[in-house]
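As structure tokens, the structure follows; a few thoughts come after it.
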Amino acid sequence: MNLTAEEHLRNRIATIGPITFAEFMETALFWPLSGYYTRSLNNPANDFFTAPAAHPAFGALLSLQLEEMWYGLGEPPQFTVIEPGAGSGLLAQDILQYAQQLNPAFWQALRYICIERRNLQQSGYAGYTAPEWLRAKNLPVRGIVGCILSNELLDVFPVHRVTLKGGSLRELYVGFRAGRFESTLGALSHTALSSRLEEEGITLDEGQQVEICLYLEPWVREVAECLEKGFVLTIDYGHDAKTLYSPQRRNGSLRCYYQHTISSNPYVYVGSQDITSHVDFTGLVSLGKQLGLNTLGLKRQSEFLENLGLGILQKMLLERGPELNQQKRDANRMGMLEIARNGGMGEFKSLIQSKGVAQPKITGILGRSSAWEKRLRKLPLPLLREEHLPLMESKYPHTSTYSASKPT
């Protein structure tokens, strides 16, 4: 008999007692067939949307950044992009479609691999090369020359929940009583939890709760082993450690998303709601340095996209002739604004790291040149397609089911 995620968790707790929140979160999100990200009928867009769904300008600008990385590597004959957690493949689709308009040698060199935990039906790639797909939990490739690209992946890595009680660090475990899941305090399950806080110079206030992701270290290690030479581009919401673990965030950053509602209760709709926490970029940078990944820069998404030319694309949209009617013009403008909106996706972070590359130029970090602007204006303007979300309609709840992006 195939147990649901909730049934498995109940049985597990009944057998061994309270479990770590990290185990609970891993099961709720990725339990075979009934986890949030593994259910065949699940569509996360019903609960939230991401930048690739808002507008193809996001993928187009990343395509330009990837091309520049290819130049920085000396124009290798094969440039491989690995996108773990690729979801529906929409970002890959947008990147590949725009890449066709760039240097033909880059297009010939480009190999794009999407990695997902679940089987997906890949469609909608007519007219251009589709990415390759691998079903895997980890990164089953090595010797990569290129870029490992992730967008809103690390925020769903399972986390441990820790609090300060009576002057001592305690961990919040998950129990089951009176027909429902509940938090219960216990000793730390790993000494690495206290070590992480000590390494980052964090002292909690009494009663303060935080989330600590121990999956970061094995993830960064695997990325470093996968990449022979090239770049790591991580886009996600999060903060440096001092901000993330500030007393002002007394209850941590754990958030749940279910049918357009946001809550901090992970114990309901198990397997049917998304569970996320903000990324500790201090830990990510520090671990990368230890494992041979050099940090080139960390920018807010709004700055990163503006450096790459988002403002130029917005001007190009306004300059389009009457072949683009006002409704389409407004819809595209809204999508472009959304991916850099202050208080929303614009607050996400873009971290670029490198391995084996000497002083590469990264326009997303350093800013664009006049030559970059001139070239961008000669390229086709990326416009919304039916695969993207109708954000204009979200103003009118009776005509759309799409609500909002994940907040910061």
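Chain labels A, B, ... are given in the sequence in which chains occur in the structure tokens; within each chain residues are numbered consecutively from 1, and ligands are likewise numbered from 1 in the order shown.
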Legend entry - Surrounding residues of range 3-7 of chain A excluding itself and chain neighbours under 2 positions, 9 Å, only C-alpha atoms, as a ChimeraX atom specification: /A:1,9-12,27-35,269-271
Legend entry - Nearby residues (only C-alpha atoms) at most 9 Å from Arg142 in chain A, same-chain spacing under 5 positions excluded, as a PyMOL selection string: chain A and resi 225-228
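Look at Leu381 in chain A: the protein and nucleic acid residues within 10 Å of it, using only C-alpha atoms and passing over chain neighbours fewer than 6 places away, are Pro56, Ala57, Ala60, Tyr98, Ile312, Leu313, Gln314, Met316, Leu317 and Arg320 of chain A.
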Would you save the residues of that selection, restricted to N, CA and C atoms, as a PDB file, in the first residue's frame?
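Output saved as selection36.pdb:
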ATOM      1  N   PRO A  56       9.298  36.682 -19.864  1.00  0.00           N
ATOM      2  CA  PRO A  56      10.478  36.055 -20.474  1.00  0.00           C
ATOM      3  C   PRO A  56      11.715  36.946 -20.473  1.00  0.00           C
ATOM      4  N   ALA A  57      11.572  38.228 -20.111  1.00  0.00           N
ATOM      5  CA  ALA A  57      12.747  39.096 -19.993  1.00  0.00           C
ATOM      6  C   ALA A  57      13.723  38.531 -18.966  1.00  0.00           C
ATOM      7  N   ALA A  60      15.677  35.930 -20.773  1.00  0.00           N
ATOM      8  CA  ALA A  60      16.469  36.572 -21.826  1.00  0.00           C
ATOM      9  C   ALA A  60      17.729  37.214 -21.250  1.00  0.00           C
ATOM     10  N   TYR A  98      15.954  32.748 -26.393  1.00  0.00           N
ATOM     11  CA  TYR A  98      16.700  33.990 -26.594  1.00  0.00           C
ATOM     12  C   TYR A  98      18.129  33.710 -27.054  1.00  0.00           C
ATOM     13  N   ILE A 312      16.462  48.857 -20.364  1.00  0.00           N
ATOM     14  CA  ILE A 312      16.520  49.003 -21.824  1.00  0.00           C
ATOM     15  C   ILE A 312      15.361  48.250 -22.471  1.00  0.00           C
ATOM     16  N   LEU A 313      15.081  47.054 -21.995  1.00  0.00           N
ATOM     17  CA  LEU A 313      13.960  46.279 -22.536  1.00  0.00           C
ATOM     18  C   LEU A 313      12.636  46.999 -22.297  1.00  0.00           C
ATOM     19  N   GLN A 314      12.500  47.635 -21.138  1.00  0.00           N
ATOM     20  CA  GLN A 314      11.277  48.385 -20.852  1.00  0.00           C
ATOM     21  C   GLN A 314      11.128  49.565 -21.808  1.00  0.00           C
ATOM     22  N   MET A 316      12.406  49.694 -24.845  1.00  0.00           N
ATOM     23  CA  MET A 316      12.118  49.102 -26.154  1.00  0.00           C
ATOM     24  C   MET A 316      10.642  48.752 -26.277  1.00  0.00           C
ATOM     25  N   LEU A 317      10.051  48.310 -25.164  1.00  0.00           N
ATOM     26  CA  LEU A 317       8.627  47.983 -25.167  1.00  0.00           C
ATOM     27  C   LEU A 317       7.794  49.227 -25.441  1.00  0.00           C
ATOM     28  N   ARG A 320       7.734  50.296 -29.091  1.00  0.00           N
ATOM     29  CA  ARG A 320       7.154  49.421 -30.114  1.00  0.00           C
ATOM     30  C   ARG A 320       6.006  50.107 -30.828  1.00  0.00           C
TER      31      ARG A 320
END
Legend entry - CA of Val156 in chain A to CA of Asn2 in chain A, distance in Å rounded to a single decimal: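 Taking CA of Val156 in chain A and CA of Asn2 in chain A, their separation equals 24.1 Å.
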Legend entry - Expected answer as a VMD selection string: helix (DSSP H, G or I) residues in range 219-405 of chain A: chain A and resid 219 to 226 241 to 244 247 to 249 281 to 290 301 to 308 310 to 318 326 to 338 345 to 347 363 to 366 370 to 378 391 to 395 397 to 399
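CA of Asp240 in chain A to CA of Asp280 in chain A spans 5.8 Å [interatomic distance, one decimal].
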Legend entry - Non-local contacts of range 187-196 of chain A (7 Å; only C-alpha atoms; under 2 positions in same chain excluded) as a list in words: Arg170, Glu171, Glu198, Glu199, Glu200 and Ile212 of chain A
Legend entry - Pick from A:Leu66, A:Val141, A:Ala105, A:Val279, whichever lies nearest to Phe157 in chain A using only C-alpha atoms: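 Going through A:Leu66, A:Val141, A:Ala105, A:Val279 one by one, the smallest distance to Phe157 in chain A is for A:Val279.
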Inset, instruction - Show which residues sit within 9 Å of Val285 in chain A, as a ChimeraX atom specification. Count only C-alpha atoms, and ignore same-chain residues fewer than 4 positions away. - result: /A:280-281,289-290,293-295,351,353
Can you write out as a tab-separated table which residues of range 223-307 of chain A fall within 9 Å of range 150-153 of chain A, alongside each residue's closest atom pair and its distance in Å to one decimal, counting only C-alpha atoms and ordering rows by chain and ascending residue number?
residue	atom	partner	partner_atom	distance
A:Val232	CA	A:Ser150	CA	8.4
A:Leu233	CA	A:Ser150	CA	6.5
A:Thr234	CA	A:Ser150	CA	5.1
A:Ile235	CA	A:Asn151	CA	4.8
A:Asp236	CA	A:Glu152	CA	4.6
A:Tyr237	CA	A:Glu152	CA	7.2
Using only N, CA and C atoms, please write the residues we just selected to a file, as a PDB file, in the first residue's frame.
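Once written, selection12.pdb looks like this:
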ATOM      1  N   VAL A 232      28.665  29.516 -10.779  1.00  0.00           N
ATOM      2  CA  VAL A 232      27.452  29.118 -10.057  1.00  0.00           C
ATOM      3  C   VAL A 232      26.607  30.372  -9.893  1.00  0.00           C
ATOM      4  N   LEU A 233      25.386  30.335 -10.398  1.00  0.00           N
ATOM      5  CA  LEU A 233      24.453  31.460 -10.266  1.00  0.00           C
ATOM      6  C   LEU A 233      23.266  30.993  -9.437  1.00  0.00           C
ATOM      7  N   THR A 234      23.135  31.563  -8.250  1.00  0.00           N
ATOM      8  CA  THR A 234      22.071  31.194  -7.316  1.00  0.00           C
ATOM      9  C   THR A 234      21.145  32.383  -7.123  1.00  0.00           C
ATOM     10  N   ILE A 235      19.876  32.205  -7.464  1.00  0.00           N
ATOM     11  CA  ILE A 235      18.875  33.261  -7.301  1.00  0.00           C
ATOM     12  C   ILE A 235      17.830  32.765  -6.316  1.00  0.00           C
ATOM     13  N   ASP A 236      17.637  33.504  -5.241  1.00  0.00           N
ATOM     14  CA  ASP A 236      16.680  33.067  -4.228  1.00  0.00           C
ATOM     15  C   ASP A 236      16.410  34.215  -3.268  1.00  0.00           C
ATOM     16  N   TYR A 237      15.423  34.021  -2.398  1.00  0.00           N
ATOM     17  CA  TYR A 237      15.179  35.037  -1.389  1.00  0.00           C
ATOM     18  C   TYR A 237      15.860  34.630  -0.088  1.00  0.00           C
TER      19      TYR A 237
END
Inset, instruction - Considering only C-alpha atoms, state which residue in the set A:Leu110, A:Leu185, A:Leu154, A:Leu134 is at the smallest distance from Trp219 in chain A. - result: A:Leu154
Inset, instruction - Just list the residues in range 75-278 of chain A DSSP gives strand (DSSP E) on the backbone, as an MDAnalysis selection string. - result: chainID A and resid 79:84 110:116 132:135 144:151 160:165 168:177 180:186 209:212 227:236 238:239 255:258 261:263 274:276
Legend entry - Nearest to Gly87 in chain A by atom-to-atom distance, counting only C-alpha atoms, from A:Glu67, A:Glu75, A:Glu116, A:Asp205: A:Glu116
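Within the 12 Å cut-off around Gly17 in chain A, using only C-alpha atoms and omitting residues fewer than 2 positions from it on the same chain, the listed residues are Leu9, Arg10, Asn11, Arg12, Ile13, Ala14, Thr15, Ile19, Thr20, Tyr173, Val174, Gly175, Phe176, Arg177, Phe181, Thr184 and Gly186 of chain A.
Take CA of Leu62 in chain A and CA of Pro390 in chain A: the distance between them is 21.8 Å.
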Inset, instruction - Compare A:Lys315, A:His160, A:Lys361, A:Arg255 by their minimum atom-to-atom distance to Arg377 in chain A, counting only C-alpha atoms, and give me the closest one. - result: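 Among the listed residues, the smallest separation from Arg377 in chain A belongs to A:Lys315.
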Inset, instruction - Using only C-alpha atoms, determine which residues lie at most 10 Å from range 339-346 of chain A, disregarding the query and same-chain residues fewer than 4 positions distant; provide the list as JSON, numbers by chain. - result: {"A": [50, 51, 52, 53, 54, 55, 56, 57, 58, 236, 237, 299, 300, 301, 302, 303, 304, 305, 306, 310, 334, 335, 404, 405, 406, 407, 408]}
